[in-house]
>>> print(open('input.cif').read())   # mmCIF, C-alpha atoms and all ligand atoms
data_start
loop_
_atom_site.label_atom_id
_atom_site.label_comp_id
_atom_site.auth_asym_id
_atom_site.auth_seq_id
_atom_site.Cartn_x
_atom_site.Cartn_y
_atom_site.Cartn_z
CA MET A 258 -149.81 -29.85 -17.77
CA SER A 259 -146.52 -28.27 -16.88
CA LEU A 260 -143.75 -30.09 -15.08
CA ARG A 261 -144.33 -27.84 -12.07
CA ASP A 262 -148.09 -28.65 -12.03
CA SER A 263 -147.33 -32.31 -12.34
CA LYS A 264 -144.95 -32.16 -9.40
CA ASN A 265 -147.48 -30.20 -7.36
CA LYS A 266 -150.16 -32.76 -8.12
CA GLN A 267 -147.92 -35.59 -7.02
CA THR A 268 -147.02 -33.74 -3.88
CA HIS A 269 -150.65 -33.01 -3.05
CA ALA A 270 -151.72 -36.56 -3.81
CA SER A 271 -149.19 -38.00 -1.42
CA ALA A 272 -150.06 -35.40 1.17
CA ASP A 273 -153.77 -36.27 1.01
CA LYS A 274 -153.15 -39.95 1.62
CA PRO A 275 -151.45 -40.78 4.92
CA ASP A 276 -148.72 -43.30 4.34
CA ASP A 277 -148.26 -46.51 6.30
CA ARG A 278 -145.93 -44.97 8.80
CA GLU A 279 -148.58 -42.40 9.61
CA ALA A 280 -151.23 -45.11 10.13
CA GLU A 281 -148.81 -47.08 12.22
CA PHE A 282 -147.65 -44.20 14.32
CA PRO A 283 -150.61 -41.81 14.55
CA GLN A 284 -149.10 -40.25 17.63
CA ARG A 285 -145.86 -39.42 15.89
CA PHE A 286 -147.73 -38.19 12.83
CA ALA A 287 -149.88 -35.91 15.00
CA SER A 288 -146.86 -34.45 16.72
CA GLY A 289 -145.26 -33.96 13.28
CA ILE A 290 -148.28 -31.94 12.19
CA ALA A 291 -148.07 -29.93 15.37
CA ARG A 292 -144.44 -29.19 14.67
CA THR A 293 -145.31 -28.20 11.12
CA ARG A 294 -148.06 -25.91 12.31
CA THR A 295 -145.81 -24.32 14.86
CA SER A 296 -143.09 -23.56 12.36
CA ARG A 297 -145.67 -22.34 9.84
CA ARG A 298 -147.12 -20.01 12.47
CA GLU A 299 -143.67 -18.71 13.24
CA PHE A 300 -143.01 -18.25 9.56
CA ILE A 301 -146.22 -16.25 9.10
CA LYS A 302 -145.40 -14.15 12.15
CA GLY A 303 -142.03 -13.40 10.62
CA VAL A 304 -143.58 -12.41 7.32
CA ILE A 305 -146.07 -10.14 9.07
CA ALA A 306 -143.28 -8.54 11.08
CA SER A 307 -141.25 -7.90 7.91
CA GLY A 308 -144.34 -6.66 6.08
CA ALA A 309 -145.14 -4.27 8.89
CA THR A 310 -141.66 -2.82 8.62
CA VAL A 311 -141.89 -2.42 4.86
CA ALA A 312 -145.40 -0.99 5.06
CA ALA A 313 -144.31 1.51 7.67
CA ALA A 314 -141.44 2.49 5.43
CA SER A 315 -143.74 3.11 2.50
CA TYR A 316 -145.80 5.77 4.21
CA LEU A 317 -145.06 9.17 2.83
CA PHE A 318 -144.30 12.36 4.68
CA ARG A 319 -142.92 10.60 7.69
CA GLY A 320 -141.35 12.63 10.40
CA PRO A 321 -138.28 12.01 12.52
CA ASP A 322 -140.25 9.47 14.57
CA PHE A 323 -140.05 7.11 11.65
CA ALA A 324 -136.28 7.01 11.65
CA GLN A 325 -136.30 6.22 15.33
CA ALA A 326 -139.07 3.64 15.18
CA LYS A 327 -138.18 0.31 16.65
CA THR A 328 -137.35 -2.29 14.05
CA ALA A 329 -139.58 -5.35 14.23
CA ALA A 330 -137.98 -8.41 15.76
CA GLY A 331 -135.88 -10.23 13.21
CA ALA A 332 -135.96 -7.45 10.60
CA VAL A 333 -132.70 -6.13 9.22
CA GLU A 334 -131.77 -2.51 9.89
CA ARG A 335 -131.72 -0.74 6.55
CA LEU A 336 -132.05 2.93 7.39
CA VAL A 337 -129.90 5.08 5.15
CA SER A 338 -129.42 8.83 4.72
CA LEU A 339 -129.95 10.29 1.27
CA LYS A 340 -129.25 13.83 0.15
CA VAL A 341 -132.25 14.69 -1.97
CA ASN A 342 -132.86 18.18 -3.28
CA GLY A 343 -130.58 19.66 -0.63
CA GLN A 344 -132.22 17.84 2.26
CA THR A 345 -131.05 14.82 4.19
CA ARG A 346 -133.75 12.16 4.19
CA ARG A 347 -133.69 9.04 6.34
CA VAL A 348 -135.36 6.12 4.67
CA ASP A 349 -135.65 2.36 5.03
CA VAL A 350 -134.25 0.82 1.84
CA LEU A 351 -134.29 -2.80 0.68
CA PRO A 352 -130.94 -4.12 -0.54
CA GLN A 353 -132.17 -4.48 -4.12
CA GLU A 354 -134.29 -1.31 -4.20
CA THR A 355 -133.89 1.14 -7.06
CA LEU A 356 -133.63 4.87 -6.57
CA ALA A 357 -136.81 5.42 -8.60
CA MET A 358 -138.78 3.24 -6.20
CA THR A 359 -137.33 4.98 -3.16
CA LEU A 360 -138.00 8.44 -4.54
CA ARG A 361 -141.54 7.74 -5.68
CA TYR A 362 -142.90 5.36 -3.08
CA LYS A 363 -140.98 6.20 0.07
CA LEU A 364 -140.13 9.87 -0.29
CA GLY A 365 -143.25 10.90 -2.21
CA LEU A 366 -141.28 12.48 -5.05
CA THR A 367 -143.56 11.33 -7.83
CA GLY A 368 -142.27 13.86 -10.36
CA THR A 369 -139.75 11.17 -11.23
CA LYS A 370 -141.67 8.95 -13.63
CA LEU A 371 -141.39 5.23 -14.24
CA GLY A 372 -141.86 4.24 -17.85
CA CYS A 373 -139.95 1.17 -18.96
CA ASP A 374 -138.25 0.49 -15.60
CA ARG A 375 -135.27 -0.96 -17.49
CA ALA A 376 -133.02 1.87 -18.66
CA GLU A 377 -134.62 2.52 -22.02
CA CYS A 378 -136.89 5.55 -21.90
CA GLY A 379 -135.36 8.16 -19.60
CA ALA A 380 -138.60 9.04 -17.82
CA CYS A 381 -136.93 8.33 -14.48
CA THR A 382 -133.90 10.59 -15.06
CA VAL A 383 -132.50 12.36 -12.00
CA MET A 384 -129.22 14.11 -11.39
CA ILE A 385 -126.63 12.50 -9.16
CA ASP A 386 -123.82 14.94 -8.42
CA ASP A 387 -125.10 17.00 -11.39
CA VAL A 388 -124.84 14.08 -13.83
CA PRO A 389 -128.06 12.62 -15.28
CA HIS A 390 -128.79 9.01 -14.38
CA TYR A 391 -131.66 6.58 -14.90
CA SER A 392 -132.98 6.16 -11.38
CA CYS A 393 -134.81 2.95 -12.35
CA SER A 394 -131.43 1.33 -12.88
CA THR A 395 -129.58 2.80 -9.93
CA LEU A 396 -129.53 1.02 -6.60
CA THR A 397 -130.43 3.37 -3.79
CA HIS A 398 -127.72 2.00 -1.55
CA SER A 399 -125.12 3.02 -4.15
CA VAL A 400 -125.95 6.74 -3.94
CA ARG A 401 -125.69 7.29 -0.20
CA GLY A 402 -123.94 10.57 0.49
CA ARG A 403 -124.30 11.82 -3.08
CA ALA A 404 -126.35 14.81 -4.15
CA ILE A 405 -129.57 13.64 -5.78
CA THR A 406 -131.69 16.17 -7.65
CA THR A 407 -135.17 15.33 -8.82
CA ILE A 408 -137.57 17.48 -10.80
CA GLU A 409 -138.98 18.76 -7.49
CA GLY A 410 -135.57 20.28 -6.78
CA ILE A 411 -135.36 22.17 -10.07
CA LYS A 412 -136.36 25.80 -9.80
CA GLY A 413 -135.36 29.25 -10.94
CA GLU A 414 -133.54 31.81 -8.82
CA ASP A 415 -136.86 33.38 -7.86
CA GLY A 416 -138.23 29.99 -6.73
CA GLY A 417 -140.44 29.75 -9.82
CA LEU A 418 -139.87 27.79 -12.97
CA HIS A 419 -136.31 27.11 -14.03
CA PRO A 420 -135.26 28.82 -17.31
CA VAL A 421 -135.25 25.40 -19.00
CA GLN A 422 -138.82 24.79 -17.88
CA LYS A 423 -139.89 28.22 -19.12
CA ALA A 424 -138.19 27.60 -22.46
CA PHE A 425 -139.86 24.21 -22.80
CA VAL A 426 -143.24 25.84 -22.23
CA GLU A 427 -142.43 28.57 -24.77
CA GLU A 428 -141.48 25.96 -27.34
CA LEU A 429 -144.52 23.74 -26.57
CA GLY A 430 -142.32 20.84 -25.53
CA PRO A 431 -144.69 19.12 -23.09
CA GLN A 432 -147.52 17.36 -24.91
CA CYS A 433 -148.81 14.63 -22.59
CA GLY A 434 -145.97 15.65 -20.26
CA PHE A 435 -144.95 12.19 -19.13
CA CYS A 436 -141.39 12.49 -20.40
CA THR A 437 -141.02 16.15 -19.44
CA PRO A 438 -139.41 15.76 -15.98
CA GLY A 439 -136.71 13.56 -17.47
CA GLN A 440 -136.20 15.94 -20.39
CA VAL A 441 -135.86 18.87 -17.99
CA ILE A 442 -133.31 17.05 -15.84
CA SER A 443 -131.21 16.10 -18.86
CA ALA A 444 -131.34 19.64 -20.22
CA VAL A 445 -130.46 21.23 -16.88
CA ALA A 446 -127.53 18.85 -16.45
CA LEU A 447 -126.31 19.70 -19.93
CA LEU A 448 -126.44 23.45 -19.34
CA LYS A 449 -124.63 23.09 -16.02
CA ALA A 450 -121.77 21.29 -17.76
CA ASN A 451 -121.96 23.19 -21.03
CA PRO A 452 -123.88 26.48 -20.88
CA LYS A 453 -123.56 27.15 -24.61
CA PRO A 454 -124.08 23.82 -26.36
CA THR A 455 -124.41 23.38 -30.09
CA ALA A 456 -127.66 21.89 -31.38
CA ASP A 457 -125.87 18.59 -31.93
CA GLU A 458 -124.58 18.58 -28.37
CA ALA A 459 -128.07 19.31 -27.08
CA ARG A 460 -129.54 16.58 -29.26
CA GLN A 461 -126.94 14.17 -27.93
CA ALA A 462 -127.66 15.18 -24.33
CA LEU A 463 -131.39 14.51 -24.73
CA SER A 464 -130.94 11.34 -26.75
CA GLY A 465 -131.55 9.17 -23.69
CA ASN A 466 -135.01 10.62 -23.18
CA LEU A 467 -137.73 9.11 -25.34
CA CYS A 468 -140.91 11.03 -26.07
CA ARG A 469 -143.94 9.06 -27.14
CA CYS A 470 -145.55 12.27 -28.33
CA GLY A 471 -142.62 12.91 -30.66
CA ALA A 472 -141.93 16.41 -29.39
CA TYR A 473 -138.18 16.05 -29.85
CA ASP A 474 -137.72 19.19 -31.92
CA HIS A 475 -139.74 21.20 -29.41
CA TYR A 476 -137.53 20.06 -26.55
CA LEU A 477 -134.41 20.70 -28.59
CA ARG A 478 -135.54 24.23 -29.40
CA GLY A 479 -136.30 24.67 -25.72
CA VAL A 480 -132.76 23.77 -24.72
CA MET A 481 -131.32 26.17 -27.27
CA ARG A 482 -133.69 28.92 -26.14
CA ALA A 483 -132.67 28.39 -22.51
CA ALA A 484 -129.00 28.44 -23.51
CA ARG A 485 -129.53 31.79 -25.26
CA GLY A 486 -131.17 33.09 -22.12
CA ALA A 487 -134.20 34.02 -24.20
S1 LIG A 501 -138.12 4.16 -16.41
FE1 LIG A 501 -135.99 4.37 -16.23
S2 LIG A 501 -135.26 4.47 -18.24
FE2 LIG A 501 -137.39 4.06 -18.46
S1 LIG A 502 -144.61 14.86 -24.15
FE1 LIG A 502 -145.68 12.96 -24.15
S2 LIG A 502 -144.14 11.49 -23.96
FE2 LIG A 502 -143.07 13.32 -24.29
#
>>> encode(input="input.cif", output="C-alpha cells", more="lines below")
Ligand code: FES
Ligand code: FES
Amino acid sequence: MSLRDSKNKQTHASADKPDDREAEFPQRFASGIARTRTSRREFIKGVIASGATVAAASYLFRGPDFAQAKTAAGAVERLVSLKVNGQTRRVDVLPQETLAMTLRYKLGLTGTKLGCDRAECGACTVMIDDVPHYSCSTLTHSVRGRAITTIEGIKGEDGGLHPVQKAFVEELGPQCGFCTPGQVISAVALLKANPKPTADEARQALSGNLCRCGAYDHYLRGVMRAARGA
C-alpha cells in the first residue's frame, strides 16, 4: 500500500466515523456539512463554467462570434491574436498551452503532427518568422504577433504543391507520411535562407526531423532536387 493510499484510508476512516464533537454538537456538525456542500457546489459550478469556456474554445472553424462570446463568470480572458498562414486568428489560449495544441485542436490545422511531444522528433515543426521551430515545445503566448507558417500554408506559386513537395514526391520521400509535414517545413525554411545548399547543409537542416520509415536519403535527394529547380 502506498503512502498516499494509506493516508487516504486514514482520512476516509475518520470521515466515516463521526467524532465526539459531532455527536455532542449534531447541530453544528449538520451546519458544517451544509457549508461543505455549498462550497463544493460552488466549486463544481466553477469547474463547469471553466470547462464550458475551454470546450467552446476547442470547437473548430469558429467564426467571429467566438471571439466576441461572453466569458463565463470567473474565467480569465485569454483571447490572443495569432498570425497563421497569413491570416489573423483569434483564439482562446491557456497560459501553458503549446503552439502544437493550439494549431491542431483549436485552429484545426492538423497537418502539424504530434509525435514525441517533447522536442525530439520534429513532426510538429512549423516556421516562425521563416525559422523552423518545434511547435510542441513553443508556448503559444510567446509567438503572438509573429508569422507562423504550418504545412497548410506551404504552396507553390500556382497554388498547387510547393517545389519541395513535388521534389519529395519525385524522390519517394513520404513512406507512411507522418514525418513529411515537418520535413517539408524544414526544407522550405532551409531553401528560403540558403537557396543553393550543399548536401551537408541540407542534411544538417533536416537533422531535427526523425523518420521512422528511414527515408532520410529520399528526403535529402528531394531537397537537392528542389534546390536545383528540377
Ligand atoms: S512532437 Fe514536437 S518534436 Fe516531436
Ligand atoms: S515517412 Fe514514415 S516516418 Fe517518415
>>> residues_near_ligand(input="input.cif", ligand="ligand LIG 501 (chain A)", cutoff="12 Å", atoms="only C-alpha atoms and all ligand atoms", output="PyMOL selection string")
chain A and resi 355-358+361+369-383+389-395+435-436+438-440+464-469
>>> atom_distance(input="input.cif", atom1="atom CA of A:Arg335", atom2="atom CA of A:Ile405")
19.1 Å
>>> closest_atom_pairs(input="input.cif", of="stretch 371-428 of chain A", to="stretch 445-463 of chain A", cutoff="12 Å", atoms="only C-alpha atoms", output="JSON lines")
{"residue": "A:Cys378", "atom": "CA", "partner": "A:Leu463", "partner_atom": "CA", "distance": 10.9}
{"residue": "A:Gly379", "atom": "CA", "partner": "A:Leu463", "partner_atom": "CA", "distance": 9.1}
{"residue": "A:Ala380", "atom": "CA", "partner": "A:Leu463", "partner_atom": "CA", "distance": 11.4}
{"residue": "A:Thr382", "atom": "CA", "partner": "A:Ala446", "partner_atom": "CA", "distance": 10.5}
{"residue": "A:Val383", "atom": "CA", "partner": "A:Ala446", "partner_atom": "CA", "distance": 9.3}
{"residue": "A:Met384", "atom": "CA", "partner": "A:Ala446", "partner_atom": "CA", "distance": 7.1}
{"residue": "A:Ile385", "atom": "CA", "partner": "A:Ala446", "partner_atom": "CA", "distance": 9.7}
{"residue": "A:Asp386", "atom": "CA", "partner": "A:Ala446", "partner_atom": "CA", "distance": 9.7}
{"residue": "A:Asp387", "atom": "CA", "partner": "A:Ala446", "partner_atom": "CA", "distance": 5.9}
{"residue": "A:Val388", "atom": "CA", "partner": "A:Ala446", "partner_atom": "CA", "distance": 6.1}
{"residue": "A:Pro389", "atom": "CA", "partner": "A:Ala446", "partner_atom": "CA", "distance": 6.4}
{"residue": "A:His390", "atom": "CA", "partner": "A:Ala446", "partner_atom": "CA", "distance": 10.1}
{"residue": "A:Thr406", "atom": "CA", "partner": "A:Ala446", "partner_atom": "CA", "distance": 10.1}
{"residue": "A:Thr407", "atom": "CA", "partner": "A:Val445", "partner_atom": "CA", "distance": 11.0}
{"residue": "A:Ile408", "atom": "CA", "partner": "A:Val445", "partner_atom": "CA", "distance": 10.1}
{"residue": "A:Gly410", "atom": "CA", "partner": "A:Val445", "partner_atom": "CA", "distance": 11.4}
{"residue": "A:Ile411", "atom": "CA", "partner": "A:Val445", "partner_atom": "CA", "distance": 8.4}
{"residue": "A:Lys412", "atom": "CA", "partner": "A:Val445", "partner_atom": "CA", "distance": 10.3}
{"residue": "A:Gly413", "atom": "CA", "partner": "A:Val445", "partner_atom": "CA", "distance": 11.1}
{"residue": "A:His419", "atom": "CA", "partner": "A:Val445", "partner_atom": "CA", "distance": 8.8}
{"residue": "A:Pro420", "atom": "CA", "partner": "A:Val445", "partner_atom": "CA", "distance": 9.0}
{"residue": "A:Val421", "atom": "CA", "partner": "A:Val445", "partner_atom": "CA", "distance": 6.7}
{"residue": "A:Gln422", "atom": "CA", "partner": "A:Val445", "partner_atom": "CA", "distance": 9.1}
{"residue": "A:Lys423", "atom": "CA", "partner": "A:Val445", "partner_atom": "CA", "distance": 12.0}
{"residue": "A:Ala424", "atom": "CA", "partner": "A:Val445", "partner_atom": "CA", "distance": 11.5}
{"residue": "A:Phe425", "atom": "CA", "partner": "A:Val445", "partner_atom": "CA", "distance": 11.5}
>>> atom_distance(input="input.cif", atom1="atom CA of A:Arg403", atom2="atom CA of A:Asn342")
10.7 Å
>>> closest_residue(input="input.cif", among="A:Gly486, A:Pro431, A:Gly343, A:Gly368", to="ligand LIG 502 (chain A)", atoms="only C-alpha atoms and all ligand atoms")
A:Pro431
>>> atom_distance(input="input.cif", atom1="atom CA of A:Arg482", atom2="atom CA of A:Leu366")
27.8 Å
>>> build_atoms(input="input.cif", residues="stretch 344-357 of chain A", atoms="N, CA and C atoms", output="PDB file, keeping the file's coordinate frame")
ATOM      1  N   GLN A 344    -131.808  18.261   0.920  1.00  0.00           N
ATOM      2  CA  GLN A 344    -132.220  17.840   2.260  1.00  0.00           C
ATOM      3  C   GLN A 344    -131.702  16.433   2.538  1.00  0.00           C
ATOM      4  N   THR A 345    -131.422  16.173   3.807  1.00  0.00           N
ATOM      5  CA  THR A 345    -131.050  14.820   4.190  1.00  0.00           C
ATOM      6  C   THR A 345    -132.314  14.072   4.582  1.00  0.00           C
ATOM      7  N   ARG A 346    -132.543  12.960   3.929  1.00  0.00           N
ATOM      8  CA  ARG A 346    -133.750  12.160   4.190  1.00  0.00           C
ATOM      9  C   ARG A 346    -133.339  10.789   4.701  1.00  0.00           C
ATOM     10  N   ARG A 347    -133.937  10.381   5.808  1.00  0.00           N
ATOM     11  CA  ARG A 347    -133.690   9.040   6.340  1.00  0.00           C
ATOM     12  C   ARG A 347    -134.779   8.119   5.804  1.00  0.00           C
ATOM     13  N   VAL A 348    -134.370   6.994   5.285  1.00  0.00           N
ATOM     14  CA  VAL A 348    -135.360   6.120   4.670  1.00  0.00           C
ATOM     15  C   VAL A 348    -134.920   4.663   4.793  1.00  0.00           C
ATOM     16  N   ASP A 349    -135.897   3.794   4.920  1.00  0.00           N
ATOM     17  CA  ASP A 349    -135.650   2.360   5.030  1.00  0.00           C
ATOM     18  C   ASP A 349    -135.598   1.781   3.614  1.00  0.00           C
ATOM     19  N   VAL A 350    -134.467   1.235   3.225  1.00  0.00           N
ATOM     20  CA  VAL A 350    -134.250   0.820   1.840  1.00  0.00           C
ATOM     21  C   VAL A 350    -133.904  -0.670   1.778  1.00  0.00           C
ATOM     22  N   LEU A 351    -134.605  -1.382   0.912  1.00  0.00           N
ATOM     23  CA  LEU A 351    -134.290  -2.800   0.680  1.00  0.00           C
ATOM     24  C   LEU A 351    -132.961  -2.902  -0.057  1.00  0.00           C
ATOM     25  N   PRO A 352    -132.253  -4.004   0.117  1.00  0.00           N
ATOM     26  CA  PRO A 352    -130.940  -4.120  -0.540  1.00  0.00           C
ATOM     27  C   PRO A 352    -131.014  -3.980  -2.052  1.00  0.00           C
ATOM     28  N   GLN A 353    -132.093  -4.487  -2.658  1.00  0.00           N
ATOM     29  CA  GLN A 353    -132.170  -4.480  -4.120  1.00  0.00           C
ATOM     30  C   GLN A 353    -133.036  -3.334  -4.646  1.00  0.00           C
ATOM     31  N   GLU A 354    -133.350  -2.361  -3.808  1.00  0.00           N
ATOM     32  CA  GLU A 354    -134.290  -1.310  -4.200  1.00  0.00           C
ATOM     33  C   GLU A 354    -133.656  -0.281  -5.132  1.00  0.00           C
ATOM     34  N   THR A 355    -134.414   0.122  -6.150  1.00  0.00           N
ATOM     35  CA  THR A 355    -133.890   1.140  -7.060  1.00  0.00           C
ATOM     36  C   THR A 355    -134.227   2.538  -6.535  1.00  0.00           C
ATOM     37  N   LEU A 356    -133.434   3.483  -7.002  1.00  0.00           N
ATOM     38  CA  LEU A 356    -133.630   4.870  -6.570  1.00  0.00           C
ATOM     39  C   LEU A 356    -135.009   5.381  -6.979  1.00  0.00           C
ATOM     40  N   ALA A 357    -135.478   4.976  -8.153  1.00  0.00           N
ATOM     41  CA  ALA A 357    -136.810   5.420  -8.600  1.00  0.00           C
ATOM     42  C   ALA A 357    -137.883   4.974  -7.621  1.00  0.00           C
TER      43      ALA A 357
END
